file my_file_34.txt (compact mmCIF, C-alpha atoms)
# COMPACT_ATOMS: atom_id res chain seq x y z
CA MET A 17 -10.53 -1.82 6.96
CA ILE A 18 -9.57 -2.77 3.42
CA HIS A 19 -9.78 -0.31 0.51
CA ILE A 20 -9.58 -1.06 -3.21
CA TYR A 21 -8.90 1.64 -5.81
CA GLN A 22 -9.43 -0.07 -9.16
CA GLY A 23 -10.13 0.63 -12.82
CA ASN A 24 -8.62 2.06 -16.00
CA GLY A 25 -9.04 5.69 -14.98
CA LYS A 26 -6.27 7.96 -13.75
CA GLY A 27 -6.00 8.50 -10.01
CA LYS A 28 -5.46 5.17 -8.24
CA THR A 29 -1.92 5.87 -7.08
CA THR A 30 -2.75 9.53 -6.51
CA ALA A 31 -5.57 8.55 -4.15
CA ALA A 32 -3.30 6.10 -2.34
CA VAL A 33 -0.62 8.79 -1.89
CA GLY A 34 -3.26 11.13 -0.48
CA ALA A 35 -4.33 8.48 2.03
CA ALA A 36 -0.69 7.98 3.07
CA VAL A 37 -0.19 11.71 3.64
CA ARG A 38 -3.41 11.97 5.66
CA ALA A 39 -2.45 9.04 7.90
CA ALA A 40 1.09 10.34 8.38
CA GLY A 41 -0.38 13.71 9.34
CA HIS A 42 -1.94 11.95 12.33
CA ASN A 43 1.35 10.21 13.20
CA VAL A 44 0.11 6.86 11.91
CA PRO A 45 3.03 4.81 10.51
CA VAL A 46 2.63 4.05 6.81
CA VAL A 47 4.23 1.41 4.60
CA PHE A 48 3.86 2.40 0.95
CA CYS A 49 4.72 -0.60 -1.22
CA GLN A 50 4.86 -0.14 -5.01
CA PHE A 51 4.76 -3.11 -7.35
CA LEU A 52 5.78 -3.09 -11.03
CA LYS A 53 7.31 0.40 -10.78
CA ASP A 54 10.87 1.63 -10.67
CA GLY A 55 10.74 4.02 -7.71
CA MET A 56 11.25 7.04 -9.97
CA SER A 57 7.71 8.46 -9.84
CA GLY A 58 7.43 11.93 -8.36
CA GLU A 59 5.52 10.81 -5.28
CA ILE A 60 8.32 8.55 -4.04
CA GLY A 61 10.86 11.27 -3.23
CA ILE A 62 8.28 13.24 -1.25
CA LEU A 63 6.87 10.24 0.62
CA GLU A 64 10.38 9.15 1.65
CA LYS A 65 10.87 12.52 3.36
CA ILE A 66 7.74 12.25 5.50
CA PRO A 67 8.46 10.99 9.03
CA GLY A 68 6.86 7.63 9.69
CA VAL A 69 6.46 6.65 6.03
CA LEU A 70 8.44 3.69 4.70
CA VAL A 71 8.52 3.29 0.91
CA LEU A 72 9.30 -0.05 -0.70
CA PHE A 73 9.71 -0.82 -4.40
CA PRO A 74 11.27 -3.69 -6.38
CA GLU A 75 15.02 -4.12 -6.49
CA HIS A 76 14.83 -4.66 -10.26
CA PHE A 77 12.67 -3.06 -12.93
CA PHE A 78 12.51 -4.29 -16.53
CA GLY A 79 9.70 -2.17 -17.95
CA TRP A 80 6.39 -3.47 -19.23
CA THR A 81 5.69 -7.05 -18.18
CA GLY A 82 4.51 -7.97 -21.69
CA LYS A 83 8.03 -7.37 -23.01
CA MET A 84 9.92 -9.17 -20.22
CA SER A 85 11.92 -12.30 -20.89
CA TYR A 86 11.31 -15.46 -18.89
CA GLU A 87 14.32 -14.66 -16.70
CA GLU A 88 13.15 -11.07 -16.11
CA LEU A 89 9.72 -12.33 -15.11
CA ARG A 90 11.33 -14.79 -12.69
CA ILE A 91 13.38 -12.02 -11.07
CA THR A 92 10.35 -9.70 -10.90
CA ARG A 93 8.28 -12.45 -9.25
CA LYS A 94 11.03 -13.00 -6.69
CA ASP A 95 11.21 -9.24 -6.01
CA CYS A 96 7.43 -8.96 -5.56
CA ASP A 97 7.32 -11.85 -3.10
CA ALA A 98 10.28 -10.49 -1.12
CA MET A 99 8.79 -6.99 -0.98
CA PHE A 100 5.42 -8.27 0.24
CA VAL A 101 7.05 -10.38 2.96
CA LYS A 102 9.18 -7.41 4.04
CA ALA A 103 6.03 -5.27 4.31
CA LEU A 104 4.38 -7.88 6.56
CA LYS A 105 7.44 -8.06 8.81
CA THR A 106 7.42 -4.27 9.01
CA MET A 107 3.76 -4.41 10.05
CA LYS A 108 4.56 -6.47 13.14
CA ILE A 109 7.34 -4.08 14.16
CA SER A 110 5.16 -1.00 13.53
CA LEU A 111 2.29 -2.34 15.62
CA LYS A 112 4.59 -3.20 18.52
CA ASN A 113 6.08 0.29 18.40
CA GLN A 114 2.63 1.88 18.26
CA VAL A 115 1.52 -0.02 21.36
CA LYS A 116 4.57 1.27 23.21
CA LYS A 117 3.86 4.83 22.06
CA GLN A 118 0.21 4.55 23.05
CA ILE A 119 1.09 3.36 26.56
CA ALA A 120 3.63 6.17 26.94
CA SER A 121 1.09 8.73 25.71
CA GLU A 122 -1.56 7.50 28.14
CA LYS A 123 0.88 7.78 31.03
CA ARG A 124 1.90 11.29 30.01
CA LEU A 125 -1.68 12.47 29.55
CA ARG A 126 -2.82 10.99 32.84
CA LYS A 127 0.13 12.57 34.60
CA ASN A 128 -0.90 15.96 33.21
CA GLY A 129 -4.53 15.38 34.18
CA ILE A 130 -5.76 15.35 30.55
CA ILE A 131 -7.32 11.89 30.85
CA MET A 132 -8.38 10.12 34.01
CA GLN A 133 -7.25 6.72 35.21
CA GLY A 134 -9.06 3.97 33.30
CA GLU A 135 -10.15 6.26 30.47
CA PRO A 136 -8.88 4.76 27.17
CA PHE A 137 -6.62 6.67 24.85
CA LYS A 138 -8.49 6.20 21.57
CA THR A 139 -6.99 5.96 18.10
CA ASP A 140 -8.84 4.84 14.99
CA ILE A 141 -5.95 3.03 13.32
CA GLU A 142 -2.43 2.16 14.37
CA ALA A 143 -0.86 1.50 10.97
CA MET A 144 -1.60 1.85 7.25
CA PHE A 145 -0.30 -0.42 4.52
CA ILE A 146 -0.62 0.60 0.88
CA PHE A 147 0.08 -1.92 -1.87
CA ASP A 148 0.14 0.08 -5.08
CA GLU A 149 -0.40 -1.94 -8.30
CA ILE A 150 -0.59 -5.15 -6.30
CA LEU A 151 -3.74 -6.24 -8.14
CA ASP A 152 -1.85 -6.11 -11.44
CA ALA A 153 1.05 -8.06 -9.92
CA VAL A 154 -1.39 -10.77 -8.79
CA ASN A 155 -3.20 -10.86 -12.15
CA LYS A 156 0.10 -11.25 -14.00
CA ASP A 157 1.11 -14.10 -11.67
CA LEU A 158 4.00 -12.06 -10.28
CA LEU A 159 2.69 -12.34 -6.72
CA ASP A 160 0.98 -15.39 -5.25
CA ARG A 161 -2.79 -14.70 -5.10
CA ASP A 162 -3.14 -17.02 -2.11
CA LEU A 163 -0.45 -15.06 -0.27
CA LEU A 164 -2.50 -11.88 -0.65
CA THR A 165 -5.87 -13.42 0.22
CA HIS A 166 -4.37 -15.19 3.24
CA PHE A 167 -3.03 -11.83 4.45
CA LEU A 168 -6.34 -10.03 3.86
CA LEU A 169 -8.22 -12.62 5.90
CA ARG A 170 -5.93 -11.92 8.85
CA VAL A 171 -5.48 -8.15 8.77
CA PRO A 172 -5.42 -6.91 12.38
CA GLU A 173 -8.44 -4.85 13.39
CA ASN A 174 -6.35 -1.72 13.94
CA VAL A 175 -4.65 -1.79 10.53
CA GLU A 176 -5.85 -0.06 7.35
CA VAL A 177 -4.94 -1.66 4.01
CA ILE A 178 -5.18 -0.09 0.55
CA LEU A 179 -4.84 -2.07 -2.69
CA THR A 180 -4.66 -0.48 -6.13
CA GLY A 181 -4.71 -1.84 -9.67
CA ARG A 182 -7.10 -3.42 -12.11
CA ASP A 183 -9.56 -6.31 -12.18
CA PRO A 184 -9.53 -7.72 -8.64
CA ASP A 185 -11.24 -11.10 -8.51
CA ILE A 186 -14.48 -11.67 -6.64
CA THR A 187 -12.69 -13.14 -3.61
CA ILE A 188 -10.55 -10.05 -3.09
CA LEU A 189 -13.49 -7.72 -3.81
CA SER A 190 -15.62 -9.49 -1.21
CA MET A 191 -13.01 -8.81 1.48
CA ALA A 192 -12.95 -5.05 0.86
CA ASP A 193 -14.81 -2.48 2.95
CA TYR A 194 -14.26 0.32 0.40
CA VAL A 195 -14.25 -0.20 -3.37
CA THR A 196 -13.65 2.83 -5.59
CA ASN A 197 -13.74 2.58 -9.39
CA MET A 198 -11.59 4.98 -11.38
CA VAL A 199 -13.53 5.20 -14.65
CA LYS A 200 -11.83 6.67 -17.69
CA ASP A 201 -14.06 8.87 -19.81
CA LYS A 202 -11.17 10.50 -21.67
CA HIS A 203 -7.38 10.30 -21.50
CA PRO A 204 -4.59 11.86 -23.63
CA TYR A 205 -2.98 8.41 -23.93
CA ASP A 206 -5.79 7.46 -26.31
CA ASP A 207 -4.49 10.17 -28.67
CA GLY A 208 -0.93 8.86 -28.48
CA ILE A 209 0.31 11.28 -25.81
CA LYS A 210 2.75 9.50 -23.51
CA ALA A 211 2.84 9.82 -19.72
CA ARG A 212 4.17 13.24 -18.71
CA VAL A 213 6.67 13.94 -15.93
CA GLY A 214 4.98 15.76 -13.08
CA VAL A 215 1.50 14.57 -14.11
CA GLU A 216 1.54 10.80 -14.65
CA LEU A 217 5.16 10.23 -13.60
call {"tool": "encode", "arguments": {"input": "my_file_34.txt", "output": "structure tokens"}}
result
Amino acid sequence: MIHIYQGNGKGKTTAAVGAAVRAAGHNVPVVFCQFLKDGMSGEIGILEKIPGVLVLFPEHFFGWTGKMSYEELRITRKDCDAMFVKALKTMKISLKNQVKKQIASEKRLRKNGIIMQGEPFKTDIEAMFIFDEILDAVNKDLLDRDLLTHFLLRVPENVEVILTGRDPDITILSMADYVTNMVKDKHPYDDGIKARVGVEL
């Protein structure tokens, strides 16, 4: 299924990280792909240490998009496209590997008499793909909107996809099975307090 964590409230990436940890805890391979970030947030170092979790982030980072030069925007757009394509290639490899593992597990369990011949070895999902801040990348024209929608229309049935960011359009919203709004009632940033290491970073 497809999840969207959207809105101006704190917690979109935090929720996505939690979903990644939960899936990894069940030996589901996870690709955690972060757009418009520099790979220095606290969650990255921990996620990279979890078996079965692949973390991707842009090769270049130039700060806030509103302050980027034309050339920096061009490089960022190229990075976003390349990262998305790499994630899709990884999906195909992950699914093939999961099929092999599932077949091996069925054989082992049948051999030990845990499941009988013909009884299916059931799993709810075989891979999870998290695209953090991808909605912002699309809205800022740093990732092709059609590339994302084309992918969402063809997500395999056994794959879970999570998108985070702000202001998804009606087409993307209509494809989602889960939509969660992070609503800000109060935030220290409104009082001029910058993001703090270990809390927002």
call {"tool": "closest_residue", "arguments": {"input": "my_file_34.txt", "among": "A:Ser85, A:Val177, A:Asp97, A:Val195", "to": "A:Arg161", "atoms": "all atoms listed in the file"}}
result
A:Asp97
call {"tool": "closest_residue", "arguments": {"input": "my_file_34.txt", "among": "A:Leu189, A:Leu179, A:Phe48, A:Glu173", "to": "A:Glu64", "atoms": "all atoms listed in the file"}}
result
A:Phe48
call {"tool": "atom_distance", "arguments": {"input": "my_file_34.txt", "atom1": "atom CA of A:Ala103", "atom2": "atom CA of A:Phe145"}}
result
8.0 Å
call {"tool": "closest_residue", "arguments": {"input": "my_file_34.txt", "among": "A:Leu63, A:Ala192, A:Ala36, A:Val44", "to": "A:Ile141", "atoms": "all atoms listed in the file"}}
result
A:Val44
call {"tool": "atom_distance", "arguments": {"input": "my_file_34.txt", "atom1": "atom CA of A:Gly208", "atom2": "atom CA of A:Gly58"}}
result
22.0 Å
call {"tool": "closest_residue", "arguments": {"input": "my_file_34.txt", "among": "A:Ala143, A:Ile188, A:Leu70, A:Met99", "to": "A:Glu176", "atoms": "all atoms listed in the file"}}
result
A:Ala143
call {"tool": "residues_near_point", "arguments": {"input": "my_file_34.txt", "point": "(-9.8, -14.9, -1.8)", "cutoff": "10 Å", "atoms": "all atoms listed in the file", "output": "JSON list (two decimals) with C-alpha atoms, in the frame of the given file"}}
result
[["chain", "number", "residue", "atom", "x", "y", "z"],
["A", 161, "ARG", "CA", -2.79, -14.70, -5.10],
["A", 162, "ASP", "CA", -3.14, -17.02, -2.11],
["A", 163, "LEU", "CA", -0.45, -15.06, -0.27],
["A", 164, "LEU", "CA", -2.50, -11.88, -0.65],
["A", 165, "THR", "CA", -5.87, -13.42, 0.22],
["A", 166, "HIS", "CA", -4.37, -15.19, 3.24],
["A", 167, "PHE", "CA", -3.03, -11.83, 4.45],
["A", 168, "LEU", "CA", -6.34, -10.03, 3.86],
["A", 169, "LEU", "CA", -8.22, -12.62, 5.90],
["A", 184, "PRO", "CA", -9.53, -7.72, -8.64],
["A", 185, "ASP", "CA", -11.24, -11.10, -8.51],
["A", 186, "ILE", "CA", -14.48, -11.67, -6.64],
["A", 187, "THR", "CA", -12.69, -13.14, -3.61],
["A", 188, "ILE", "CA", -10.55, -10.05, -3.09],
["A", 189, "LEU", "CA", -13.49, -7.72, -3.81],
["A", 190, "SER", "CA", -15.62, -9.49, -1.21],
["A", 191, "MET", "CA", -13.01, -8.81, 1.48]]
call {"tool": "build_atoms", "arguments": {"input": "my_file_34.txt", "residues": "stretch 144-155 of chain A", "atoms": "N, CA and C atoms", "output": "compact mmCIF listing (two decimals), in the frame of the given file"}}
result
# COMPACT_ATOMS: atom_id res chain seq x y z
N MET A 144 -0.99 1.91 8.59
CA MET A 144 -1.60 1.85 7.25
C MET A 144 -0.61 1.19 6.30
N PHE A 145 -1.12 0.26 5.50
CA PHE A 145 -0.30 -0.42 4.52
C PHE A 145 -0.92 -0.25 3.14
N ILE A 146 -0.15 0.31 2.24
CA ILE A 146 -0.62 0.60 0.88
C ILE A 146 0.18 -0.27 -0.09
N PHE A 147 -0.54 -1.05 -0.88
CA PHE A 147 0.08 -1.92 -1.87
C PHE A 147 -0.35 -1.44 -3.25
N ASP A 148 0.46 -0.55 -3.81
CA ASP A 148 0.14 0.08 -5.08
C ASP A 148 0.46 -0.87 -6.23
N GLU A 149 -0.51 -1.05 -7.13
CA GLU A 149 -0.40 -1.94 -8.30
C GLU A 149 -0.30 -3.42 -7.93
N ILE A 150 -0.69 -3.75 -6.71
CA ILE A 150 -0.59 -5.15 -6.30
C ILE A 150 -1.60 -6.02 -7.05
N LEU A 151 -2.74 -5.45 -7.42
CA LEU A 151 -3.74 -6.24 -8.14
C LEU A 151 -3.22 -6.65 -9.51
N ASP A 152 -2.45 -5.77 -10.15
CA ASP A 152 -1.85 -6.11 -11.44
C ASP A 152 -0.77 -7.18 -11.27
N ALA A 153 0.01 -7.07 -10.18
CA ALA A 153 1.05 -8.06 -9.92
C ALA A 153 0.42 -9.45 -9.73
N VAL A 154 -0.69 -9.49 -9.01
CA VAL A 154 -1.39 -10.77 -8.79
C VAL A 154 -1.95 -11.30 -10.11
N ASN A 155 -2.59 -10.43 -10.89
CA ASN A 155 -3.20 -10.86 -12.15
C ASN A 155 -2.17 -11.36 -13.16
